[in-house]
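Engineer: This structure is in structure tokens; I'll ask about it shortly.
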Amino acid sequence: MRLSIFATLALAASCSAFSPAASTTRTTAVSNTQMMMAYELKAEPEGGEEIPSVDTMTGSRMKNMGPDSDTKDKDGDVHIFWTKAVADGKMIKGFRTQVEKDASKNANFPGFRKGQIPPYAQPQMTSFAVQEGIIKTCEAAVAAYGLKPLKGEAGSVEVHEDIKDICKGYKVGQSVEFTATFKAIFDAEKQIKEVEFPPAAEEEEAEAPAAAVEEEAPAAAVEE
């Protein structure tokens, strides 16, 4: 499933825009809501280099899978990244409430009064909320690991788990674990800079002062 951080999804004539977050780094904490997964995560790809985060993001991992020579960006070299993260259940619940609120403003389904969302449309709204939760979590991961997203189609995120499988048996408020692959560049301003220490000063060998050897004066001759 390919999602775009810059994508816009529509539901019942109402739109929910998925725009990139501000450039400030956010700390994302996952609630204690139990993850009742009815799906399996796709296997982690072999290879790649685990990279450290520059800001705390609970339950996440990031691997640099190598450069992508086919994609160019004026701000730096493009790399392919694999991530494993958790979309917080409370965040998804908030999106679900907002999606339903927005949809009800213009909802006009045959057989239902204006503004009423029929039961058959409820799963679709849940799906949209889960998708937005995943997109926002990807945005947070990009920032938390000191990366910069690409613009346009090049900045799309491929989520390896099927959204339909994720939503099977999903209860609003549960957190969603997922894996994804995307292209990005390193943000030089956010990368952890190794502290360069000056070379250790060579210990000067303490020159022990030559001990003055006092020769014992010969015993004076005893005069008889």
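In the structure tokens, chains take the letters A, B, ... in the order shown, each chain's residues start at 1, and ligands count up from 1 in the order shown.
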I need the residues in range 141-203 of chain A that are alpha helix (DSSP H) according to DSSP; give them as a ChimeraX atom specification.

Structural biologist: /A:141-144,163-167

Engineer: So that I have them on file, write out the residues from the current selection with C-alpha atoms, as a PDB file, in the first residue's frame.

Structural biologist:
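Output (out.pdb):
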```
ATOM      1  CA  ALA A 141       9.691   9.102  12.178  1.00  0.00           C
ATOM      2  CA  VAL A 142      11.296  11.146   9.405  1.00  0.00           C
ATOM      3  CA  ALA A 143      11.868  14.003  11.849  1.00  0.00           C
ATOM      4  CA  ALA A 144      12.853  11.775  14.784  1.00  0.00           C
ATOM      5  CA  ILE A 163      -4.820  -1.418   5.315  1.00  0.00           C
ATOM      6  CA  LYS A 164      -7.777  -3.775   4.859  1.00  0.00           C
ATOM      7  CA  ASP A 165      -6.052  -6.455   6.908  1.00  0.00           C
ATOM      8  CA  ILE A 166      -5.127  -3.909   9.569  1.00  0.00           C
ATOM      9  CA  CYS A 167      -8.742  -2.760   9.874  1.00  0.00           C
TER      10      CYS A 167
END
```

Engineer: How would you write, as a VMD selection string, the set of residues in range 146-188 of chain A that DSSP gives as strand (DSSP E or B)?

Structural biologist: chain A and resid 147 to 149 156 to 159 176 to 186

Engineer: For Lys171 in chain A, which residue out of A:Asn64, A:Thr137, A:Gln191, A:Gln122 is the nearest one, using only C-alpha atoms?

Structural biologist: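 Closest to Lys171 in chain A of all the choices is A:Gln122.
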
Engineer: One decimal, Å: what's the distance from CA of Ala154 in chain A over to CA of Glu46 in chain A, could you say?

Structural biologist: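 CA of Glu46 in chain A lies at a distance of 23.2 Å from CA of Ala154 in chain A.
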
Engineer: Excluding range 185-190 of chain A and residues on its chain fewer than 4 positions from it, collect all residues at most 12 Å away from it, counting only C-alpha atoms, and give them as an mmCIF file with N, CA, C and O atoms, in the first residue's frame.

Structural biologist:
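Listed below is the output, around_7.cif:
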```
data_model
loop_
_atom_site.group_PDB
_atom_site.id
_atom_site.type_symbol
_atom_site.label_atom_id
_atom_site.label_comp_id
_atom_site.auth_asym_id
_atom_site.auth_seq_id
_atom_site.Cartn_x
_atom_site.Cartn_y
_atom_site.Cartn_z
ATOM 1 N N SER A 23 8.451 21.620 10.436
ATOM 2 C CA SER A 23 9.809 21.103 10.409
ATOM 3 C C SER A 23 10.370 20.827 11.794
ATOM 4 O O SER A 23 11.398 20.208 11.930
ATOM 5 N N THR A 24 9.655 21.292 12.832
ATOM 6 C CA THR A 24 10.160 21.047 14.171
ATOM 7 C C THR A 24 10.051 19.579 14.515
ATOM 8 O O THR A 24 9.095 18.906 14.146
ATOM 9 N N THR A 25 11.018 19.083 15.244
ATOM 10 C CA THR A 25 11.041 17.672 15.614
ATOM 11 C C THR A 25 10.050 17.421 16.730
ATOM 12 O O THR A 25 9.996 18.148 17.708
ATOM 13 N N ILE A 51 20.096 3.063 12.036
ATOM 14 C CA ILE A 51 20.539 4.426 12.347
ATOM 15 C C ILE A 51 19.893 4.888 13.646
ATOM 16 O O ILE A 51 18.758 4.515 13.962
ATOM 17 N N PRO A 52 20.595 5.697 14.422
ATOM 18 C CA PRO A 52 20.063 6.168 15.695
ATOM 19 C C PRO A 52 19.088 7.325 15.490
ATOM 20 O O PRO A 52 19.159 8.045 14.496
ATOM 21 N N SER A 53 18.197 7.491 16.426
ATOM 22 C CA SER A 53 17.265 8.612 16.364
ATOM 23 C C SER A 53 17.908 9.841 16.992
ATOM 24 O O SER A 53 18.784 9.732 17.848
ATOM 25 N N VAL A 54 17.471 11.002 16.536
ATOM 26 C CA VAL A 54 17.938 12.250 17.134
ATOM 27 C C VAL A 54 16.912 12.774 18.133
ATOM 28 O O VAL A 54 17.161 13.746 18.832
ATOM 29 N N ASP A 55 15.763 12.126 18.164
ATOM 30 C CA ASP A 55 14.724 12.470 19.125
ATOM 31 C C ASP A 55 13.975 11.187 19.476
ATOM 32 O O ASP A 55 13.834 10.295 18.645
ATOM 33 N N ASN A 64 18.848 2.376 7.163
ATOM 34 C CA ASN A 64 19.246 2.945 5.872
ATOM 35 C C ASN A 64 19.598 1.785 4.963
ATOM 36 O O ASN A 64 20.581 1.089 5.175
ATOM 37 N N GLY A 66 20.443 2.005 1.843
ATOM 38 C CA GLY A 66 21.423 2.346 0.820
ATOM 39 C C GLY A 66 20.958 3.485 -0.066
ATOM 40 O O GLY A 66 19.796 3.889 -0.048
ATOM 41 N N PRO A 67 21.868 4.028 -0.846
ATOM 42 C CA PRO A 67 21.537 5.150 -1.732
ATOM 43 C C PRO A 67 20.655 4.729 -2.900
ATOM 44 O O PRO A 67 20.670 3.576 -3.324
ATOM 45 N N ASP A 68 19.877 5.693 -3.387
ATOM 46 C CA ASP A 68 19.038 5.478 -4.560
ATOM 47 C C ASP A 68 19.563 6.382 -5.677
ATOM 48 O O ASP A 68 19.260 7.576 -5.721
ATOM 49 N N THR A 71 17.072 8.506 -8.058
ATOM 50 C CA THR A 71 16.314 9.664 -7.583
ATOM 51 C C THR A 71 17.278 10.772 -7.174
ATOM 52 O O THR A 71 18.234 10.523 -6.442
ATOM 53 N N LYS A 72 17.026 11.971 -7.638
ATOM 54 C CA LYS A 72 17.901 13.102 -7.349
ATOM 55 C C LYS A 72 17.153 14.144 -6.527
ATOM 56 O O LYS A 72 15.944 14.327 -6.661
ATOM 57 N N ASP A 73 17.886 14.826 -5.677
ATOM 58 C CA ASP A 73 17.331 15.929 -4.904
ATOM 59 C C ASP A 73 18.411 16.986 -4.717
ATOM 60 O O ASP A 73 19.565 16.654 -4.412
ATOM 61 N N LYS A 74 18.043 18.239 -4.890
ATOM 62 C CA LYS A 74 19.030 19.315 -4.850
ATOM 63 C C LYS A 74 19.638 19.507 -3.462
ATOM 64 O O LYS A 74 20.701 20.110 -3.320
ATOM 65 N N ASP A 75 18.957 18.992 -2.428
ATOM 66 C CA ASP A 75 19.436 19.213 -1.065
ATOM 67 C C ASP A 75 20.358 18.117 -0.544
ATOM 68 O O ASP A 75 20.882 18.230 0.569
ATOM 69 N N GLY A 76 20.555 17.049 -1.319
ATOM 70 C CA GLY A 76 21.446 16.003 -0.846
ATOM 71 C C GLY A 76 21.214 14.677 -1.538
ATOM 72 O O GLY A 76 20.342 14.546 -2.404
ATOM 73 N N ASP A 77 22.007 13.688 -1.154
ATOM 74 C CA ASP A 77 21.897 12.348 -1.736
ATOM 75 C C ASP A 77 20.665 11.633 -1.181
ATOM 76 O O ASP A 77 20.403 11.661 0.025
ATOM 77 N N VAL A 78 19.936 10.980 -2.051
ATOM 78 C CA VAL A 78 18.713 10.281 -1.672
ATOM 79 C C VAL A 78 19.044 8.855 -1.236
ATOM 80 O O VAL A 78 19.814 8.156 -1.901
ATOM 81 N N HIS A 79 18.448 8.438 -0.126
ATOM 82 C CA HIS A 79 18.618 7.075 0.368
ATOM 83 C C HIS A 79 17.253 6.425 0.540
ATOM 84 O O HIS A 79 16.233 7.105 0.661
ATOM 85 N N ILE A 80 17.257 5.100 0.546
ATOM 86 C CA ILE A 80 16.039 4.339 0.802
ATOM 87 C C ILE A 80 16.060 3.908 2.271
ATOM 88 O O ILE A 80 17.062 3.377 2.758
ATOM 89 N N PHE A 81 14.941 4.122 2.958
ATOM 90 C CA PHE A 81 14.864 3.798 4.375
ATOM 91 C C PHE A 81 13.730 2.821 4.645
ATOM 92 O O PHE A 81 12.668 2.887 4.013
ATOM 93 N N VAL A 142 10.346 10.428 10.250
ATOM 94 C CA VAL A 142 11.296 11.146 9.405
ATOM 95 C C VAL A 142 12.023 12.212 10.223
ATOM 96 O O VAL A 142 13.249 12.343 10.164
ATOM 97 N N ALA A 143 11.266 12.954 11.025
ATOM 98 C CA ALA A 143 11.868 14.003 11.849
ATOM 99 C C ALA A 143 12.693 13.418 12.983
ATOM 100 O O ALA A 143 13.783 13.907 13.293
ATOM 101 N N ALA A 144 12.179 12.350 13.611
ATOM 102 C CA ALA A 144 12.853 11.775 14.784
ATOM 103 C C ALA A 144 14.205 11.170 14.445
ATOM 104 O O ALA A 144 15.084 11.076 15.310
ATOM 105 N N TYR A 145 14.392 10.769 13.183
ATOM 106 C CA TYR A 145 15.665 10.168 12.786
ATOM 107 C C TYR A 145 16.525 11.123 11.954
ATOM 108 O O TYR A 145 17.450 10.689 11.278
ATOM 109 N N GLY A 146 16.208 12.397 12.022
ATOM 110 C CA GLY A 146 17.055 13.396 11.376
ATOM 111 C C GLY A 146 17.046 13.332 9.863
ATOM 112 O O GLY A 146 18.084 13.534 9.227
ATOM 113 N N LEU A 147 15.870 13.084 9.275
ATOM 114 C CA LEU A 147 15.756 12.976 7.823
ATOM 115 C C LEU A 147 14.880 14.092 7.274
ATOM 116 O O LEU A 147 14.173 14.775 8.021
ATOM 117 N N LYS A 148 14.908 14.266 5.956
ATOM 118 C CA LYS A 148 14.052 15.224 5.274
ATOM 119 C C LYS A 148 13.284 14.486 4.186
ATOM 120 O O LYS A 148 13.884 13.782 3.373
ATOM 121 N N PRO A 149 11.952 14.632 4.153
ATOM 122 C CA PRO A 149 11.168 13.948 3.124
ATOM 123 C C PRO A 149 11.369 14.571 1.753
ATOM 124 O O PRO A 149 11.719 15.751 1.637
ATOM 125 N N LEU A 150 11.129 13.790 0.732
ATOM 126 C CA LEU A 150 11.180 14.294 -0.632
ATOM 127 C C LEU A 150 9.815 14.852 -1.013
ATOM 128 O O LEU A 150 8.794 14.472 -0.441
ATOM 129 N N LYS A 151 9.800 15.729 -1.973
ATOM 130 C CA LYS A 151 8.555 16.344 -2.392
ATOM 131 C C LYS A 151 7.911 15.556 -3.526
ATOM 132 O O LYS A 151 8.574 14.842 -4.258
ATOM 133 N N ALA A 154 7.898 11.393 -5.317
ATOM 134 C CA ALA A 154 9.118 10.783 -4.790
ATOM 135 C C ALA A 154 9.067 10.642 -3.272
ATOM 136 O O ALA A 154 9.777 9.820 -2.697
ATOM 137 N N GLY A 155 8.205 11.433 -2.626
ATOM 138 C CA GLY A 155 8.102 11.377 -1.174
ATOM 139 C C GLY A 155 7.042 10.426 -0.660
ATOM 140 O O GLY A 155 6.721 10.444 0.537
#
```
